[in-house]
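Okay, upload-v6.txt now, which holds compact mmCIF, N, CA and C atoms:
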# COMPACT_ATOMS: atom_id res chain seq x y z
N MET A 1 0.84 -1.19 0.00
CA MET A 1 0.00 0.00 0.00
C MET A 1 0.88 1.25 0.00
N ASP A 2 0.54 2.20 -0.85
CA ASP A 2 1.24 3.47 -0.87
C ASP A 2 0.51 4.40 0.10
N TRP A 3 1.12 4.68 1.23
CA TRP A 3 0.50 5.46 2.30
C TRP A 3 0.31 6.93 1.92
N ASN A 4 0.89 7.35 0.81
CA ASN A 4 0.77 8.75 0.38
C ASN A 4 -0.29 8.94 -0.71
N ARG A 5 -0.99 7.88 -1.05
CA ARG A 5 -2.07 7.97 -2.04
C ARG A 5 -3.41 7.90 -1.34
N TYR A 6 -4.33 8.74 -1.80
CA TYR A 6 -5.68 8.80 -1.23
C TYR A 6 -6.72 8.79 -2.34
N ARG A 7 -7.82 8.15 -2.05
CA ARG A 7 -8.99 8.20 -2.94
C ARG A 7 -10.18 8.55 -2.06
N PHE A 8 -10.86 9.63 -2.42
CA PHE A 8 -12.00 10.11 -1.64
C PHE A 8 -13.24 10.14 -2.52
N THR A 9 -14.38 9.86 -1.92
CA THR A 9 -15.66 10.06 -2.57
C THR A 9 -16.61 10.65 -1.54
N SER A 10 -17.25 11.74 -1.92
CA SER A 10 -18.27 12.37 -1.07
C SER A 10 -19.54 12.50 -1.89
N ILE A 11 -20.66 12.21 -1.27
CA ILE A 11 -21.96 12.30 -1.96
C ILE A 11 -22.85 13.24 -1.17
N TRP A 12 -23.33 14.27 -1.87
CA TRP A 12 -24.19 15.26 -1.25
C TRP A 12 -25.52 15.28 -1.99
N ASP A 13 -26.61 15.20 -1.26
CA ASP A 13 -27.95 15.39 -1.84
C ASP A 13 -28.47 16.74 -1.37
N LEU A 14 -28.84 17.59 -2.32
CA LEU A 14 -29.33 18.93 -2.00
C LEU A 14 -30.63 19.18 -2.76
N PRO A 15 -31.51 20.04 -2.22
CA PRO A 15 -32.80 20.28 -2.85
C PRO A 15 -32.76 21.18 -4.08
N ALA A 16 -31.64 21.74 -4.44
CA ALA A 16 -31.53 22.64 -5.59
C ALA A 16 -31.46 21.85 -6.90
N PRO A 17 -31.93 22.46 -7.99
CA PRO A 17 -31.86 21.78 -9.30
C PRO A 17 -30.41 21.66 -9.78
N PRO A 18 -30.13 20.61 -10.56
CA PRO A 18 -28.76 20.37 -11.02
C PRO A 18 -28.11 21.56 -11.73
N ALA A 19 -28.84 22.27 -12.55
CA ALA A 19 -28.26 23.41 -13.28
C ALA A 19 -27.77 24.49 -12.32
N ALA A 20 -28.52 24.73 -11.25
CA ALA A 20 -28.11 25.74 -10.26
C ALA A 20 -26.87 25.28 -9.50
N VAL A 21 -26.81 24.01 -9.15
CA VAL A 21 -25.65 23.46 -8.44
C VAL A 21 -24.42 23.55 -9.33
N TYR A 22 -24.56 23.11 -10.56
CA TYR A 22 -23.44 23.13 -11.51
C TYR A 22 -22.93 24.56 -11.70
N ALA A 23 -23.85 25.52 -11.81
CA ALA A 23 -23.46 26.91 -12.02
C ALA A 23 -22.60 27.44 -10.88
N VAL A 24 -22.87 27.01 -9.66
CA VAL A 24 -22.05 27.44 -8.52
C VAL A 24 -20.71 26.70 -8.54
N LEU A 25 -20.73 25.39 -8.77
CA LEU A 25 -19.50 24.60 -8.74
C LEU A 25 -18.53 24.98 -9.86
N GLU A 26 -19.03 25.42 -11.00
CA GLU A 26 -18.11 25.74 -12.10
C GLU A 26 -17.38 27.06 -11.89
N ARG A 27 -17.80 27.85 -10.92
CA ARG A 27 -17.14 29.13 -10.62
C ARG A 27 -16.16 28.93 -9.46
N ALA A 28 -15.04 28.28 -9.73
CA ALA A 28 -14.05 27.96 -8.69
C ALA A 28 -13.52 29.22 -8.01
N ASP A 29 -13.46 30.33 -8.72
CA ASP A 29 -12.95 31.56 -8.12
C ASP A 29 -13.80 32.01 -6.94
N ASP A 30 -15.06 31.59 -6.91
CA ASP A 30 -15.98 32.00 -5.84
C ASP A 30 -16.01 31.03 -4.65
N TYR A 31 -15.31 29.91 -4.72
CA TYR A 31 -15.34 28.94 -3.62
C TYR A 31 -15.05 29.56 -2.25
N PRO A 32 -14.07 30.46 -2.13
CA PRO A 32 -13.81 31.03 -0.80
C PRO A 32 -15.02 31.77 -0.21
N ARG A 33 -15.96 32.18 -1.03
CA ARG A 33 -17.16 32.89 -0.53
C ARG A 33 -18.12 31.96 0.19
N TRP A 34 -18.10 30.67 -0.15
CA TRP A 34 -19.05 29.76 0.49
C TRP A 34 -18.40 28.53 1.14
N TRP A 35 -17.11 28.32 0.91
CA TRP A 35 -16.42 27.15 1.48
C TRP A 35 -15.24 27.66 2.28
N ARG A 36 -15.40 27.76 3.59
CA ARG A 36 -14.42 28.47 4.42
C ARG A 36 -13.03 27.84 4.40
N GLN A 37 -12.89 26.56 4.10
CA GLN A 37 -11.58 25.92 4.06
C GLN A 37 -10.82 26.25 2.77
N VAL A 38 -11.51 26.70 1.76
CA VAL A 38 -10.86 27.16 0.53
C VAL A 38 -10.55 28.63 0.78
N ARG A 39 -9.32 28.89 1.18
CA ARG A 39 -8.95 30.22 1.65
C ARG A 39 -8.74 31.23 0.52
N GLU A 40 -8.22 30.75 -0.62
CA GLU A 40 -7.90 31.67 -1.71
C GLU A 40 -7.82 30.91 -3.03
N VAL A 41 -8.34 31.51 -4.07
CA VAL A 41 -8.24 30.96 -5.43
C VAL A 41 -7.67 32.07 -6.31
N THR A 42 -6.55 31.78 -6.96
CA THR A 42 -5.89 32.76 -7.81
C THR A 42 -5.84 32.24 -9.24
N PRO A 43 -6.52 32.92 -10.16
CA PRO A 43 -6.47 32.49 -11.57
C PRO A 43 -5.07 32.71 -12.15
N LEU A 44 -4.58 31.70 -12.86
CA LEU A 44 -3.31 31.80 -13.57
C LEU A 44 -3.54 32.03 -15.05
N ASP A 45 -4.57 31.38 -15.59
CA ASP A 45 -5.02 31.58 -16.97
C ASP A 45 -6.47 31.11 -17.01
N ALA A 46 -7.04 31.01 -18.21
CA ALA A 46 -8.47 30.67 -18.33
C ALA A 46 -8.81 29.30 -17.74
N ALA A 47 -7.85 28.37 -17.73
CA ALA A 47 -8.14 27.01 -17.29
C ALA A 47 -7.41 26.59 -16.01
N THR A 48 -6.59 27.48 -15.45
CA THR A 48 -5.73 27.08 -14.33
C THR A 48 -5.90 28.03 -13.15
N ARG A 49 -5.97 27.45 -11.96
CA ARG A 49 -6.10 28.20 -10.72
C ARG A 49 -5.14 27.64 -9.68
N THR A 50 -4.58 28.52 -8.87
CA THR A 50 -3.85 28.09 -7.68
C THR A 50 -4.79 28.29 -6.50
N THR A 51 -4.93 27.25 -5.70
CA THR A 51 -5.87 27.27 -4.59
C THR A 51 -5.14 27.01 -3.29
N ARG A 52 -5.42 27.84 -2.30
CA ARG A 52 -4.85 27.65 -0.96
C ARG A 52 -5.97 27.13 -0.07
N ILE A 53 -5.71 25.96 0.56
CA ILE A 53 -6.71 25.25 1.36
C ILE A 53 -6.16 25.04 2.76
N ARG A 54 -7.03 25.21 3.75
CA ARG A 54 -6.66 24.87 5.12
C ARG A 54 -7.92 24.48 5.86
N SER A 55 -7.87 23.30 6.46
CA SER A 55 -9.02 22.80 7.22
C SER A 55 -8.69 22.90 8.71
N VAL A 56 -8.92 21.86 9.47
CA VAL A 56 -8.76 21.87 10.92
C VAL A 56 -7.29 21.80 11.34
N LEU A 57 -6.52 20.98 10.65
CA LEU A 57 -5.11 20.81 11.02
C LEU A 57 -4.33 22.09 10.79
N PRO A 58 -3.28 22.31 11.57
CA PRO A 58 -2.54 23.59 11.50
C PRO A 58 -1.52 23.65 10.35
N TYR A 59 -1.96 23.34 9.16
CA TYR A 59 -1.12 23.51 7.97
C TYR A 59 -2.04 23.72 6.78
N GLY A 60 -1.53 24.40 5.79
CA GLY A 60 -2.30 24.63 4.58
C GLY A 60 -1.69 23.89 3.41
N LEU A 61 -2.47 23.74 2.38
CA LEU A 61 -2.01 23.12 1.14
C LEU A 61 -2.19 24.13 0.01
N VAL A 62 -1.26 24.08 -0.92
CA VAL A 62 -1.38 24.89 -2.14
C VAL A 62 -1.48 23.91 -3.30
N VAL A 63 -2.58 24.01 -4.03
CA VAL A 63 -2.86 23.08 -5.11
C VAL A 63 -3.14 23.87 -6.39
N THR A 64 -2.52 23.46 -7.47
CA THR A 64 -2.81 24.04 -8.78
C THR A 64 -3.82 23.13 -9.47
N MET A 65 -4.93 23.74 -9.89
CA MET A 65 -5.99 22.99 -10.58
C MET A 65 -6.04 23.43 -12.04
N ARG A 66 -5.93 22.46 -12.93
CA ARG A 66 -6.05 22.74 -14.36
C ARG A 66 -7.29 22.00 -14.88
N GLU A 67 -8.21 22.77 -15.43
CA GLU A 67 -9.45 22.19 -15.95
C GLU A 67 -9.14 21.15 -17.01
N ARG A 68 -9.73 19.95 -16.81
CA ARG A 68 -9.56 18.86 -17.78
C ARG A 68 -10.85 18.61 -18.56
N LEU A 69 -11.97 18.82 -17.88
CA LEU A 69 -13.27 18.56 -18.51
C LEU A 69 -14.31 19.47 -17.90
N ARG A 70 -15.10 20.09 -18.76
CA ARG A 70 -16.25 20.90 -18.34
C ARG A 70 -17.40 20.52 -19.26
N ASP A 71 -18.36 19.78 -18.73
CA ASP A 71 -19.47 19.28 -19.54
C ASP A 71 -20.79 19.54 -18.80
N PRO A 72 -21.39 20.71 -19.04
CA PRO A 72 -22.64 21.04 -18.35
C PRO A 72 -23.78 20.06 -18.63
N ARG A 73 -23.84 19.51 -19.84
CA ARG A 73 -24.92 18.56 -20.17
C ARG A 73 -24.83 17.30 -19.33
N ALA A 74 -23.62 16.82 -19.10
CA ALA A 74 -23.42 15.63 -18.26
C ALA A 74 -23.27 15.98 -16.79
N GLY A 75 -23.14 17.29 -16.49
CA GLY A 75 -22.97 17.73 -15.11
C GLY A 75 -21.60 17.42 -14.53
N VAL A 76 -20.57 17.39 -15.39
CA VAL A 76 -19.23 16.98 -14.94
C VAL A 76 -18.24 18.14 -15.04
N LEU A 77 -17.48 18.29 -13.96
CA LEU A 77 -16.33 19.20 -13.91
C LEU A 77 -15.16 18.37 -13.42
N GLU A 78 -14.06 18.43 -14.13
CA GLU A 78 -12.90 17.62 -13.74
C GLU A 78 -11.63 18.46 -13.87
N ALA A 79 -10.72 18.27 -12.91
CA ALA A 79 -9.47 19.02 -12.92
C ALA A 79 -8.30 18.11 -12.60
N GLU A 80 -7.18 18.45 -13.20
CA GLU A 80 -5.90 17.83 -12.87
C GLU A 80 -5.29 18.66 -11.75
N LEU A 81 -4.73 17.99 -10.74
CA LEU A 81 -4.18 18.67 -9.58
C LEU A 81 -2.66 18.53 -9.53
N GLY A 82 -1.99 19.59 -9.10
CA GLY A 82 -0.55 19.58 -8.92
C GLY A 82 -0.20 20.40 -7.69
N GLY A 83 1.05 20.37 -7.31
CA GLY A 83 1.49 21.10 -6.12
C GLY A 83 1.57 20.17 -4.93
N ASP A 84 0.99 20.57 -3.79
CA ASP A 84 1.04 19.74 -2.59
C ASP A 84 0.26 18.43 -2.73
N LEU A 85 -0.72 18.41 -3.62
CA LEU A 85 -1.47 17.20 -3.96
C LEU A 85 -1.38 17.03 -5.46
N GLU A 86 -1.09 15.82 -5.91
CA GLU A 86 -0.98 15.55 -7.35
C GLU A 86 -1.97 14.47 -7.71
N GLY A 87 -2.79 14.72 -8.73
CA GLY A 87 -3.78 13.73 -9.14
C GLY A 87 -4.92 14.40 -9.88
N TRP A 88 -6.15 14.07 -9.49
CA TRP A 88 -7.32 14.63 -10.17
C TRP A 88 -8.49 14.73 -9.19
N ALA A 89 -9.45 15.57 -9.57
CA ALA A 89 -10.70 15.72 -8.81
C ALA A 89 -11.84 15.90 -9.80
N ARG A 90 -13.02 15.41 -9.41
CA ARG A 90 -14.18 15.49 -10.31
C ARG A 90 -15.46 15.73 -9.52
N TRP A 91 -16.26 16.68 -10.00
CA TRP A 91 -17.62 16.88 -9.54
C TRP A 91 -18.55 16.27 -10.59
N THR A 92 -19.57 15.55 -10.16
CA THR A 92 -20.62 15.07 -11.06
C THR A 92 -21.95 15.44 -10.42
N VAL A 93 -22.77 16.20 -11.14
CA VAL A 93 -24.05 16.67 -10.64
C VAL A 93 -25.16 16.03 -11.48
N THR A 94 -26.08 15.33 -10.81
CA THR A 94 -27.21 14.69 -11.50
C THR A 94 -28.50 15.01 -10.76
N ALA A 95 -29.60 14.81 -11.45
CA ALA A 95 -30.92 15.00 -10.83
C ALA A 95 -31.20 13.86 -9.87
N ARG A 96 -31.82 14.21 -8.76
CA ARG A 96 -32.27 13.21 -7.78
C ARG A 96 -33.58 13.74 -7.21
N GLY A 97 -34.66 13.11 -7.61
CA GLY A 97 -35.97 13.61 -7.21
C GLY A 97 -36.15 15.03 -7.73
N THR A 98 -36.54 15.95 -6.84
CA THR A 98 -36.69 17.35 -7.25
C THR A 98 -35.41 18.15 -7.02
N GLY A 99 -34.36 17.49 -6.56
CA GLY A 99 -33.11 18.17 -6.27
C GLY A 99 -31.95 17.60 -7.05
N SER A 100 -30.80 17.54 -6.39
CA SER A 100 -29.57 17.10 -7.04
C SER A 100 -28.78 16.15 -6.16
N ARG A 101 -28.05 15.29 -6.83
CA ARG A 101 -27.01 14.49 -6.17
C ARG A 101 -25.68 14.99 -6.71
N ILE A 102 -24.79 15.33 -5.79
CA ILE A 102 -23.47 15.83 -6.15
C ILE A 102 -22.45 14.80 -5.66
N VAL A 103 -21.66 14.28 -6.57
CA VAL A 103 -20.62 13.31 -6.22
C VAL A 103 -19.27 13.99 -6.46
N TYR A 104 -18.46 14.01 -5.41
CA TYR A 104 -17.11 14.54 -5.51
C TYR A 104 -16.15 13.37 -5.38
N GLU A 105 -15.28 13.21 -6.37
CA GLU A 105 -14.27 12.15 -6.35
C GLU A 105 -12.91 12.80 -6.47
N GLN A 106 -11.96 12.24 -5.74
CA GLN A 106 -10.61 12.77 -5.78
C GLN A 106 -9.63 11.61 -5.60
N GLU A 107 -8.63 11.58 -6.44
CA GLU A 107 -7.54 10.61 -6.29
C GLU A 107 -6.25 11.39 -6.35
N VAL A 108 -5.49 11.36 -5.26
CA VAL A 108 -4.28 12.18 -5.17
C VAL A 108 -3.15 11.44 -4.49
N GLU A 109 -1.96 11.94 -4.78
CA GLU A 109 -0.77 11.53 -4.05
C GLU A 109 -0.27 12.78 -3.34
N VAL A 110 0.03 12.65 -2.06
CA VAL A 110 0.52 13.76 -1.27
C VAL A 110 1.96 14.05 -1.67
N ARG A 111 2.25 15.30 -1.97
CA ARG A 111 3.60 15.71 -2.36
C ARG A 111 4.26 16.54 -1.26
N ARG A 112 3.46 17.09 -0.37
CA ARG A 112 4.01 17.93 0.70
C ARG A 112 4.87 17.09 1.64
N ARG A 113 6.09 17.55 1.89
CA ARG A 113 7.09 16.78 2.63
C ARG A 113 6.61 16.35 4.02
N LEU A 114 6.06 17.26 4.81
CA LEU A 114 5.61 16.92 6.16
C LEU A 114 4.55 15.82 6.14
N MET A 115 3.61 15.93 5.23
CA MET A 115 2.56 14.91 5.14
C MET A 115 3.13 13.56 4.72
N ARG A 116 4.14 13.58 3.87
CA ARG A 116 4.77 12.32 3.45
C ARG A 116 5.50 11.68 4.63
N LEU A 117 6.18 12.50 5.43
CA LEU A 117 6.89 11.97 6.61
C LEU A 117 5.92 11.38 7.63
N LEU A 118 4.73 11.97 7.72
CA LEU A 118 3.73 11.51 8.69
C LEU A 118 2.70 10.57 8.07
N ALA A 119 3.02 10.01 6.92
CA ALA A 119 2.06 9.22 6.15
C ALA A 119 1.39 8.12 6.96
N VAL A 120 2.15 7.31 7.65
CA VAL A 120 1.55 6.19 8.37
C VAL A 120 0.82 6.64 9.63
N PRO A 121 1.48 7.34 10.56
CA PRO A 121 0.74 7.72 11.77
C PRO A 121 -0.34 8.77 11.51
N GLY A 122 -0.19 9.58 10.47
CA GLY A 122 -1.14 10.66 10.23
C GLY A 122 -2.30 10.32 9.32
N ARG A 123 -2.28 9.14 8.71
CA ARG A 123 -3.29 8.82 7.70
C ARG A 123 -4.72 8.97 8.20
N VAL A 124 -5.01 8.44 9.37
CA VAL A 124 -6.37 8.53 9.92
C VAL A 124 -6.75 9.99 10.15
N VAL A 125 -5.82 10.76 10.65
CA VAL A 125 -6.07 12.18 10.92
C VAL A 125 -6.26 12.94 9.61
N PHE A 126 -5.46 12.66 8.60
CA PHE A 126 -5.60 13.33 7.31
C PHE A 126 -6.96 13.02 6.68
N ARG A 127 -7.39 11.77 6.78
CA ARG A 127 -8.70 11.39 6.22
C ARG A 127 -9.83 12.08 6.98
N ALA A 128 -9.71 12.16 8.31
CA ALA A 128 -10.73 12.84 9.11
C ALA A 128 -10.76 14.34 8.77
N ASN A 129 -9.59 14.94 8.57
CA ASN A 129 -9.51 16.34 8.20
C ASN A 129 -10.24 16.58 6.87
N HIS A 130 -10.02 15.69 5.92
CA HIS A 130 -10.69 15.80 4.63
C HIS A 130 -12.21 15.68 4.79
N ALA A 131 -12.65 14.72 5.60
CA ALA A 131 -14.09 14.53 5.83
C ALA A 131 -14.72 15.78 6.43
N LEU A 132 -14.04 16.40 7.39
CA LEU A 132 -14.56 17.64 7.99
C LEU A 132 -14.65 18.76 6.96
N MET A 133 -13.64 18.85 6.11
CA MET A 133 -13.65 19.87 5.07
C MET A 133 -14.82 19.65 4.11
N MET A 134 -15.06 18.41 3.74
CA MET A 134 -16.14 18.12 2.81
C MET A 134 -17.51 18.39 3.45
N ARG A 135 -17.66 18.07 4.72
CA ARG A 135 -18.92 18.38 5.41
C ARG A 135 -19.19 19.88 5.41
N ALA A 136 -18.14 20.65 5.68
CA ALA A 136 -18.28 22.10 5.67
C ALA A 136 -18.59 22.60 4.26
N GLY A 137 -18.00 21.99 3.26
CA GLY A 137 -18.29 22.36 1.87
C GLY A 137 -19.74 22.12 1.51
N ARG A 138 -20.28 21.01 1.96
CA ARG A 138 -21.69 20.71 1.69
C ARG A 138 -22.60 21.77 2.33
N ARG A 139 -22.31 22.09 3.59
CA ARG A 139 -23.11 23.12 4.28
C ARG A 139 -22.99 24.47 3.58
N GLY A 140 -21.77 24.83 3.19
CA GLY A 140 -21.56 26.10 2.51
C GLY A 140 -22.26 26.17 1.16
N LEU A 141 -22.21 25.07 0.41
CA LEU A 141 -22.88 25.03 -0.89
C LEU A 141 -24.39 25.13 -0.71
N ALA A 142 -24.93 24.42 0.26
CA ALA A 142 -26.38 24.50 0.52
C ALA A 142 -26.80 25.93 0.86
N ALA A 143 -26.02 26.60 1.70
CA ALA A 143 -26.33 27.99 2.06
C ALA A 143 -26.21 28.90 0.85
N ARG A 144 -25.20 28.68 0.04
CA ARG A 144 -24.99 29.51 -1.17
C ARG A 144 -26.17 29.35 -2.13
N LEU A 145 -26.63 28.10 -2.29
CA LEU A 145 -27.75 27.85 -3.21
C LEU A 145 -29.05 28.47 -2.69
N GLU A 146 -29.22 28.51 -1.39
CA GLU A 146 -30.40 29.16 -0.81
C GLU A 146 -30.37 30.65 -1.04
N ALA A 147 -29.18 31.23 -1.02
CA ALA A 147 -29.01 32.67 -1.19
C ALA A 147 -29.17 33.12 -2.63
N VAL A 148 -28.98 32.20 -3.57
CA VAL A 148 -29.02 32.55 -5.00
C VAL A 148 -30.45 32.62 -5.49
Please express what this file holds, its structure, as structure tokens.
Amino acid sequence: MDWNRYRFTSIWDLPAPPAAVYAVLERADDYPRWWRQVREVTPLDAATRTTRIRSVLPYGLVVTMRERLRDPRAGVLEAELGGDLEGWARWTVTARGTGSRIVYEQEVEVRRRLMRLLAVPGRVVFRANHALMMRAGRRGLAARLEAV
């Protein structure tokens, strides 16, 4: 097992229609407005952003996201990740009843030196930190959709 590789899946069901959810998710520059752990998003060009993230643990991550796929009809947004985390992330938004199901998938390898050194003893803590961040993201997205 490679202790520095992670695969995450989060599933959120929200009462908003898929088009409204997708419209918020495709505007990565606005994430800091509704997702408190996404501290800063800096555009580098039309398809690339540098994102500074910090959750509960006392360290931040800097991740470069390059858009790989944007398909509003299929409800898919996908990015290649580099920097402190290397890999990919994908949002998939589909209809569920009168609302939406949002699936977030991420497969990454940790590149940050401290996290690599703490790979074995810190793995449970890193996974819990990610889960807390995703829970906060769901709450923030729900509040943002209510405000729109």
If you count all atoms listed in the file, which residues fall within 6.5 Å of stretch 113-124 of chain A, apart from same-chain ones fewer than 3 positions away, as a list in words?
Trp3, Asn4, Val110, Arg127, Ala128 and Asn129 of chain A
Every residue of chain A that DSSP places in helix (DSSP H, G or I), as a ChimeraX atom specification:
/A:18-25,28-34,113-117,119-147
For the point (-11.0, 8.7, -0.4) in the file's frame, write as a list in words all residues with an atom no more than 9 Å away, counting only C-alpha atoms.
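Applying the cut-off with only C-alpha atoms, one gets Tyr6, Arg7, Phe8, Thr9, Ser10, Glu105, Gln106, Glu107, Val108, Arg127 and His130 of chain A.
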Taking the backbone alone, and naming residues the way the document does, which bits of stretch 62-99 of chain A are strand (DSSP E) by DSSP, as JSON, numbers by chain?
{"A": [62, 63, 64, 65, 66, 67, 68, 69, 70, 71, 76, 77, 78, 79, 80, 81, 82, 83, 85, 86, 87, 88, 89, 90, 91, 92, 93, 94, 95, 96, 99]}
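In this model, the gap between atom CA of A:Thr50 and atom CA of A:Pro32 comes to 12.5 Å.
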Show which residues sit within 5 Å of A:Pro17, as a ChimeraX atom specification. Count all atoms listed in the file, and ignore same-chain residues fewer than 3 positions away.
/A:20-21,99
Between A:Arg73, A:Arg52, A:Arg68, A:Arg101, which has the minimum distance to A:Gln37 (counting only C-alpha atoms)?
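Between A:Arg73, A:Arg52, A:Arg68, A:Arg101, the residue approaching A:Gln37 most closely is A:Arg52.
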Rounded to one decimal, what separation in Å do you get between atom CA of A:Thr48 and atom N of A:Ala74?
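According to the coordinates, atom CA of A:Thr48 and atom N of A:Ala74 are separated by 21.2 Å.
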Which residues are near A:Val76? Cut-off 8 Å, all atoms listed in the file, ignore same chain within fewer than 2 positions. Put them as JSON, numbers by chain.
{"A": [22, 69, 70, 71, 72, 73, 74, 78, 79, 90, 91, 92, 93, 94]}
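Taking atom C of A:Tyr31 and atom C of A:Ala46 as the two end points, the separation is 16.7 Å.
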Ranking A:Val148, A:Met133, A:Pro58, A:Gly140 by minimum distance to A:Arg33 and counting only N, CA and C atoms, which one comes first?
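Ranking A:Val148, A:Met133, A:Pro58, A:Gly140 by distance to A:Arg33, first place goes to A:Gly140.
Compared by their closest atoms to A:Arg49, and using all atoms listed in the file, the residues A:Val125, A:Met65, A:Arg36, A:Leu81 rank with A:Met65 nearest.
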Counting all atoms listed in the file, which of A:Asp30, A:Asp2, A:Ile11, A:Ala143 gets nearest to A:Val103?
A:Ile11
Edge lengths and centre in Å to one decimal, as lines of an AutoDock Vina configuration file, is what I'm after for the box along x, y and z that holds all listed atoms of stretch 36-54 of chain A once 6 Å is added on each side.
center_x = -9.4
center_y = 28.7
center_z = -6.2
size_x = 24.1
size_y = 20.4
size_z = 36.2
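Counting all atoms listed in the file and comparing A:Ala136, A:Asp84, A:Asp45, A:Arg54, the residue that lies closest to A:Arg112 is A:Asp84.
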Best match for closeness to A:Arg138 among A:Gly87, A:Ala28, A:Trp34, A:Ala19, counting all atoms listed in the file:
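Ranking A:Gly87, A:Ala28, A:Trp34, A:Ala19 by distance to A:Arg138, first place goes to A:Trp34.
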Would you mind putting back N, CA, C and O atoms on stretch 96-107 of chain A, then writing it out as a short mmCIF file (atom, residue, chain, number, x, y, z; two decimals), in the coordinates of the input?
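The resulting file, selection-v9.cif, is reproduced below:
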data_model
loop_
_atom_site.label_atom_id
_atom_site.label_comp_id
_atom_site.auth_asym_id
_atom_site.auth_seq_id
_atom_site.Cartn_x
_atom_site.Cartn_y
_atom_site.Cartn_z
N ARG A 96 -31.82 14.21 -8.76
CA ARG A 96 -32.27 13.21 -7.78
C ARG A 96 -33.58 13.74 -7.21
O ARG A 96 -33.57 14.69 -6.43
N GLY A 97 -34.66 13.11 -7.61
CA GLY A 97 -35.97 13.61 -7.21
C GLY A 97 -36.15 15.03 -7.73
O GLY A 97 -35.90 15.30 -8.89
N THR A 98 -36.54 15.95 -6.84
CA THR A 98 -36.69 17.35 -7.25
C THR A 98 -35.41 18.15 -7.02
O THR A 98 -35.38 19.35 -7.26
N GLY A 99 -34.36 17.49 -6.56
CA GLY A 99 -33.11 18.17 -6.27
C GLY A 99 -31.95 17.60 -7.05
O GLY A 99 -32.09 17.18 -8.20
N SER A 100 -30.80 17.54 -6.39
CA SER A 100 -29.57 17.10 -7.04
C SER A 100 -28.78 16.15 -6.16
O SER A 100 -28.82 16.24 -4.94
N ARG A 101 -28.05 15.29 -6.83
CA ARG A 101 -27.01 14.49 -6.17
C ARG A 101 -25.68 14.99 -6.71
O ARG A 101 -25.47 15.06 -7.92
N ILE A 102 -24.79 15.33 -5.79
CA ILE A 102 -23.47 15.83 -6.15
C ILE A 102 -22.45 14.80 -5.66
O ILE A 102 -22.43 14.46 -4.48
N VAL A 103 -21.66 14.28 -6.57
CA VAL A 103 -20.62 13.31 -6.22
C VAL A 103 -19.27 13.99 -6.46
O VAL A 103 -19.00 14.49 -7.55
N TYR A 104 -18.46 14.01 -5.41
CA TYR A 104 -17.11 14.54 -5.51
C TYR A 104 -16.15 13.37 -5.38
O TYR A 104 -16.22 12.62 -4.40
N GLU A 105 -15.28 13.21 -6.37
CA GLU A 105 -14.27 12.15 -6.35
C GLU A 105 -12.91 12.80 -6.47
O GLU A 105 -12.75 13.77 -7.22
N GLN A 106 -11.96 12.24 -5.74
CA GLN A 106 -10.61 12.77 -5.78
C GLN A 106 -9.63 11.61 -5.60
O GLN A 106 -9.82 10.78 -4.71
N GLU A 107 -8.63 11.58 -6.44
CA GLU A 107 -7.54 10.61 -6.29
C GLU A 107 -6.25 11.39 -6.35
O GLU A 107 -5.96 12.05 -7.36
#
